[in-house]
$ cat input-v7.pdb   # PDB, C-alpha atoms
ATOM      1  CA  MET A   1     191.237 158.344 172.380
ATOM      2  CA  LYS A   2     189.948 155.105 170.859
ATOM      3  CA  ARG A   3     186.809 153.980 172.625
ATOM      4  CA  GLU A   4     186.249 150.491 173.959
ATOM      5  CA  GLN A   5     182.871 148.893 173.338
ATOM      6  CA  ALA A   6     181.215 146.856 176.074
ATOM      7  CA  HIS A   7     180.980 144.077 173.484
ATOM      8  CA  PRO A   8     182.861 143.826 170.177
ATOM      9  CA  LEU A   9     179.632 143.295 168.209
ATOM     10  CA  VAL A  10     177.644 146.174 169.738
ATOM     11  CA  PHE A  11     178.157 149.763 168.563
ATOM     12  CA  PRO A  12     176.603 153.175 169.317
ATOM     13  CA  VAL A  13     174.578 154.111 166.249
ATOM     14  CA  MET A  14     173.279 157.594 165.511
ATOM     15  CA  GLU A  15     171.330 156.482 162.438
ATOM     16  CA  HIS A  16     171.168 153.859 159.722
ATOM     17  CA  PHE A  17     169.321 154.093 156.423
ATOM     18  CA  TYR A  18     169.159 153.037 152.781
ATOM     19  CA  THR A  19     169.935 155.719 150.215
ATOM     20  CA  LEU A  20     172.297 156.660 147.390
ATOM     21  CA  GLN A  21     175.934 157.510 147.947
ATOM     22  CA  GLY A  22     176.044 161.238 147.303
ATOM     23  CA  GLU A  23     179.775 161.950 147.139
ATOM     24  CA  GLY A  24     183.057 160.813 145.673
ATOM     25  CA  ALA A  25     183.921 157.816 143.559
ATOM     26  CA  TYR A  26     180.738 155.834 144.232
ATOM     27  CA  GLN A  27     178.358 158.772 143.829
ATOM     28  CA  GLY A  28     174.967 157.512 142.655
ATOM     29  CA  HIS A  29     175.342 153.943 143.953
ATOM     30  CA  ALA A  30     172.638 152.522 146.213
ATOM     31  CA  ALA A  31     174.037 151.728 149.653
ATOM     32  CA  TYR A  32     173.108 151.076 153.252
ATOM     33  CA  PHE A  33     174.635 153.691 155.550
ATOM     34  CA  VAL A  34     175.439 153.169 159.207
ATOM     35  CA  ARG A  35     176.510 156.317 161.041
ATOM     36  CA  LEU A  36     178.356 155.420 164.222
ATOM     37  CA  ALA A  37     178.051 157.934 167.039
ATOM     38  CA  GLY A  38     181.091 159.634 168.516
ATOM     39  CA  CYS A  39     183.739 161.985 167.128
ATOM     40  CA  ASP A  40     186.426 164.169 168.712
ATOM     41  CA  VAL A  41     187.874 165.723 165.544
ATOM     42  CA  GLY A  42     185.699 168.836 165.879
ATOM     43  CA  CYS A  43     185.403 170.238 162.344
ATOM     44  CA  VAL A  44     183.832 173.670 162.656
ATOM     45  CA  TRP A  45     181.888 173.176 159.398
ATOM     46  CA  CYS A  46     180.721 169.618 160.155
ATOM     47  CA  ASP A  47     177.137 169.181 158.932
ATOM     48  CA  VAL A  48     176.426 166.301 161.343
ATOM     49  CA  LYS A  49     177.585 167.766 164.659
ATOM     50  CA  GLU A  50     174.918 165.715 166.427
ATOM     51  CA  SER A  51     177.099 162.675 165.680
ATOM     52  CA  TRP A  52     179.923 163.934 167.899
ATOM     53  CA  HIS A  53     178.507 162.499 171.121
ATOM     54  CA  THR A  54     177.065 159.090 172.023
ATOM     55  CA  ASP A  55     174.539 160.204 174.637
ATOM     56  CA  GLY A  56     170.989 159.265 173.771
ATOM     57  CA  TYR A  57     171.895 156.952 170.897
ATOM     58  CA  PRO A  58     171.251 153.207 171.098
ATOM     59  CA  SER A  59     174.008 150.624 171.195
ATOM     60  CA  LEU A  60     172.967 148.140 168.539
ATOM     61  CA  PRO A  61     174.205 144.635 167.760
ATOM     62  CA  VAL A  62     175.704 144.207 164.314
ATOM     63  CA  ASP A  63     173.203 141.424 163.603
ATOM     64  CA  THR A  64     170.325 143.880 164.072
ATOM     65  CA  LEU A  65     171.861 146.287 161.573
ATOM     66  CA  ILE A  66     172.543 143.523 159.066
ATOM     67  CA  GLU A  67     168.922 142.385 159.301
ATOM     68  CA  ALA A  68     167.746 145.940 158.575
ATOM     69  CA  ALA A  69     170.149 146.276 155.649
ATOM     70  CA  ARG A  70     169.058 142.955 154.137
ATOM     71  CA  ALA A  71     165.551 144.348 153.706
ATOM     72  CA  HIS A  72     166.992 146.316 150.758
ATOM     73  CA  PRO A  73     168.493 144.953 147.520
ATOM     74  CA  ALA A  74     171.944 146.619 147.531
ATOM     75  CA  ARG A  75     174.796 144.825 149.244
ATOM     76  CA  LEU A  76     177.008 147.850 149.753
ATOM     77  CA  LEU A  77     177.594 149.033 153.323
ATOM     78  CA  VAL A  78     179.010 152.495 154.011
ATOM     79  CA  THR A  79     180.342 152.852 157.547
ATOM     80  CA  THR A  80     180.528 156.515 158.472
ATOM     81  CA  GLY A  81     180.243 158.814 161.457
ATOM     82  CA  GLY A  82     181.115 160.611 163.581
ATOM     83  CA  GLU A  83     184.526 159.058 163.339
ATOM     84  CA  PRO A  84     184.098 155.288 162.973
ATOM     85  CA  LEU A  85     187.753 154.458 163.610
ATOM     86  CA  MET A  86     187.264 155.493 167.230
ATOM     87  CA  TYR A  87     186.098 151.887 167.555
ATOM     88  CA  ARG A  88     187.787 148.598 166.785
ATOM     89  CA  LEU A  89     186.107 147.510 163.562
ATOM     90  CA  ASP A  90     187.636 144.074 162.936
ATOM     91  CA  ALA A  91     184.626 142.116 164.215
ATOM     92  CA  TRP A  92     182.301 144.646 162.557
ATOM     93  CA  CYS A  93     183.843 143.969 159.153
ATOM     94  CA  GLN A  94     183.900 140.221 159.657
ATOM     95  CA  GLN A  95     180.161 140.087 160.403
ATOM     96  CA  TRP A  96     179.137 142.277 157.481
ATOM     97  CA  ARG A  97     181.435 140.458 155.073
ATOM     98  CA  GLU A  98     180.050 137.083 156.120
ATOM     99  CA  ALA A  99     176.599 138.520 155.386
ATOM    100  CA  GLY A 100     177.667 139.228 151.815
ATOM    101  CA  PHE A 101     178.227 142.994 151.877
ATOM    102  CA  ARG A 102     180.885 145.067 150.163
ATOM    103  CA  LEU A 103     182.456 147.285 152.817
ATOM    104  CA  HIS A 104     183.204 150.996 152.406
ATOM    105  CA  LEU A 105     184.659 153.226 155.122
ATOM    106  CA  GLU A 106     184.405 157.012 155.360
ATOM    107  CA  THR A 107     186.937 158.411 157.818
ATOM    108  CA  SER A 108     189.010 161.427 158.728
ATOM    109  CA  GLY A 109     191.810 158.973 159.501
ATOM    110  CA  ALA A 110     192.230 160.404 162.988
ATOM    111  CA  TYR A 111     192.747 156.922 164.473
ATOM    112  CA  PRO A 112     194.727 153.874 163.344
ATOM    113  CA  LEU A 113     193.017 151.693 160.778
ATOM    114  CA  SER A 114     191.095 148.643 161.964
ATOM    115  CA  GLY A 115     188.939 146.257 159.985
ATOM    116  CA  THR A 116     189.342 144.959 156.434
ATOM    117  CA  TRP A 117     187.736 147.145 153.793
ATOM    118  CA  ASP A 118     186.966 147.004 150.081
ATOM    119  CA  TRP A 119     187.097 150.800 149.815
ATOM    120  CA  ILE A 120     188.496 153.466 152.134
ATOM    121  CA  CYS A 121     187.581 157.112 151.591
ATOM    122  CA  LEU A 122     189.985 159.315 153.542
ATOM    123  CA  SER A 123     188.842 162.873 154.174
ATOM    124  CA  PRO A 124     191.675 164.456 156.196
ATOM    125  CA  LYS A 125     190.920 167.340 158.552
ATOM    126  CA  LYS A 126     193.327 170.032 159.751
ATOM    127  CA  PHE A 127     191.799 169.822 163.204
ATOM    128  CA  ARG A 128     193.396 166.380 163.702
ATOM    129  CA  ARG A 129     195.866 164.959 161.230
ATOM    130  CA  PRO A 130     195.285 161.475 159.799
ATOM    131  CA  HIS A 131     197.143 158.414 160.998
ATOM    132  CA  GLU A 132     199.691 157.069 158.524
ATOM    133  CA  SER A 133     198.064 153.601 158.535
ATOM    134  CA  VAL A 134     194.948 155.089 156.935
ATOM    135  CA  CYS A 135     196.877 157.178 154.408
ATOM    136  CA  ARG A 136     198.785 154.105 153.232
ATOM    137  CA  GLN A 137     195.620 152.145 152.430
ATOM    138  CA  ALA A 138     193.252 154.838 151.139
ATOM    139  CA  HIS A 139     191.507 154.174 147.832
ATOM    140  CA  GLU A 140     189.981 157.635 147.673
ATOM    141  CA  LEU A 141     191.204 160.983 149.015
ATOM    142  CA  LYS A 142     188.416 163.510 149.412
ATOM    143  CA  VAL A 143     189.495 166.939 150.601
ATOM    144  CA  VAL A 144     186.833 169.408 151.665
ATOM    145  CA  VAL A 145     187.812 172.874 150.454
ATOM    146  CA  TYR A 146     186.790 175.604 152.898
ATOM    147  CA  HIS A 147     189.540 178.105 152.158
ATOM    148  CA  LYS A 148     192.042 178.712 149.359
ATOM    149  CA  SER A 149     194.799 177.349 151.602
ATOM    150  CA  ASP A 150     193.126 173.931 151.429
ATOM    151  CA  PHE A 151     194.564 173.299 147.964
ATOM    152  CA  ALA A 152     198.052 173.076 149.494
ATOM    153  CA  TRP A 153     196.641 170.847 152.234
ATOM    154  CA  ALA A 154     195.159 168.600 149.554
ATOM    155  CA  GLU A 155     198.480 168.267 147.758
ATOM    156  CA  GLU A 156     200.227 167.412 151.014
ATOM    157  CA  TYR A 157     197.964 164.394 151.461
ATOM    158  CA  ALA A 158     197.969 163.447 147.797
ATOM    159  CA  ALA A 159     201.676 162.745 148.337
ATOM    160  CA  LYS A 160     200.883 160.398 151.252
ATOM    161  CA  VAL A 161     198.300 158.110 149.634
ATOM    162  CA  PRO A 162     199.109 155.190 147.307
ATOM    163  CA  GLU A 163     199.613 155.621 143.599
ATOM    164  CA  GLY A 164     196.257 155.035 141.976
ATOM    165  CA  CYS A 165     194.277 156.521 144.864
ATOM    166  CA  LEU A 166     191.477 158.670 143.419
ATOM    167  CA  LEU A 167     191.772 162.362 144.277
ATOM    168  CA  PHE A 168     188.706 164.539 144.893
ATOM    169  CA  LEU A 169     188.192 168.162 145.863
ATOM    170  CA  GLN A 170     184.808 168.948 147.404
ATOM    171  CA  PRO A 171     183.537 172.444 148.201
ATOM    172  CA  GLU A 172     182.249 172.955 151.730
ATOM    173  CA  TRP A 173     178.497 173.156 151.265
ATOM    174  CA  SER A 174     177.876 176.591 152.771
ATOM    175  CA  ARG A 175     180.648 178.150 150.642
ATOM    176  CA  ALA A 176     180.147 176.169 147.439
ATOM    177  CA  GLU A 177     179.050 179.141 145.348
ATOM    178  CA  GLN A 178     182.217 181.011 146.290
ATOM    179  CA  LEU A 179     184.650 178.105 146.113
ATOM    180  CA  LEU A 180     183.440 176.030 143.182
ATOM    181  CA  PRO A 181     184.869 178.384 140.517
ATOM    182  CA  LEU A 182     188.278 178.151 142.233
ATOM    183  CA  ILE A 183     188.066 174.364 142.376
ATOM    184  CA  ILE A 184     187.082 174.153 138.719
ATOM    185  CA  GLU A 185     190.118 176.181 137.700
ATOM    186  CA  TYR A 186     192.367 174.136 139.975
ATOM    187  CA  VAL A 187     191.212 170.847 138.484
ATOM    188  CA  LYS A 188     191.649 172.209 134.953
ATOM    189  CA  ALA A 189     195.242 173.086 135.851
ATOM    190  CA  ASN A 190     195.802 169.854 137.843
ATOM    191  CA  PRO A 191     193.814 167.170 136.026
ATOM    192  CA  ARG A 192     194.740 164.297 138.311
ATOM    193  CA  TRP A 193     192.142 165.809 140.671
ATOM    194  CA  ARG A 194     188.383 165.454 140.231
ATOM    195  CA  ILE A 195     185.467 167.393 141.716
ATOM    196  CA  SER A 196     183.120 165.815 144.238
ATOM    197  CA  LEU A 197     179.769 167.450 144.927
ATOM    198  CA  GLN A 198     177.312 166.583 147.692
ATOM    199  CA  THR A 199     174.693 165.427 145.223
ATOM    200  CA  HIS A 200     172.442 163.993 147.954
ATOM    201  CA  LYS A 201     171.828 167.557 149.104
ATOM    202  CA  TYR A 202     170.825 168.615 145.613
ATOM    203  CA  MET A 203     168.522 165.574 145.427
ATOM    204  CA  ASN A 204     167.169 166.205 148.943
ATOM    205  CA  ILE A 205     167.845 162.673 150.156
ATOM    206  CA  PRO A 206     169.691 161.496 153.316
TER     207      PRO A 206
END

$ encode --input "input-v7.pdb" --output "structure tokens"
Amino acid sequence: MKREQAHPLVFPVMEHFYTLQGEGAYQGHAAYFVRLAGCDVGCVWCDVKESWHTDGYPSLPVDTLIEAARAHPARLLVTTGGEPLMYRLDAWCQQWREAGFRLHLETSGAYPLSGTWDWICLSPKKFRRPHESVCRQAHELKVVVYHKSDFAWAEEYAAKVPEGCLLFLQPEWSRAEQLLPLIIEYVKANPRWRISLQTHKYMNIP
């Protein structure tokens, strides 16, 4: 259920930090990350389960986050979670865009799309299927492979995203050694797909 904020410019924030994008199409780019708190998708292999709830996390004004982000040279904002589309993000995007940031969204697509984005990374989860509004506007499809059956799942959603959407297969971190050889062979046989690795974990950065 989409959550209502007490104020459209105040959001529950688990963490925010400056780092490098570790995954997908913008891997290696410097970016400011804001991880909104709250998620009800419930992926069993989620590596940020502490983001599922909002208890104990501050509700921060967007202006405060923008001020923190401006202390760093990159003007790329990655809004992640949790599941950020649990919240209405129209005012969020407007404020960041007026501050001169390029806006990227990382989402499971479990809720209808809100906000205006320069880049949408859709990572669909079997636990809660994505909303069609997100599929239609995705720039990047990133499917986490946990089991061999996930290749069929990936193809199902590749058929739902726009032509030109970048397609990535990413091994679930704890099973990467087992799954990466399968993904390599799949991409060799299906070259429209690429491999995404969680390079931030290899580099030991947030």

$ atom_distance --input "input-v7.pdb" --atom1 "atom CA of A:Val13" --atom2 "atom CA of A:Tyr57"
6.1 Å

$ residues_around --input "input-v7.pdb" --residues "A:Glu132" --least-positions-apart "4" --cutoff "10 Å" --atoms "all atoms listed in the file" --output "VMD selection string"
chain A and resid 109 to 113 136 to 137 160 to 161

$ atom_distance --input "input-v7.pdb" --atom1 "atom CA of A:Trp193" --atom2 "atom CA of A:Phe151"
10.7 Å

$ atom_distance --input "input-v7.pdb" --atom1 "atom CA of A:His131" --atom2 "atom CA of A:Tyr32"
26.3 Å

$ residues_around --input "input-v7.pdb" --residues "stretch 118-129 of chain A" --least-positions-apart "2" --cutoff "6 Å" --atoms "all atoms listed in the file" --output "VMD selection string"
chain A and resid 41 103 to 108 138 to 143

$ resolve_selection --input "input-v7.pdb" --expression "the PyMOL selection byres ((chain A and resi 168) around 12)" --output "PyMOL selection string"
chain A and resi 23-27+121-124+139-145+151+154-155+157-158+165-167+169-171+183-184+186-187+190-198

$ residues_around --input "input-v7.pdb" --residues "A:Asn204" --least-positions-apart "6" --cutoff "12 Å" --atoms "all atoms listed in the file" --output "count of residues only"
4

$ closest_residue --input "input-v7.pdb" --among "A:Val134, A:Ser174, A:Arg88, A:Gly38" --to "A:Pro162" --atoms "only C-alpha atoms"
A:Val134
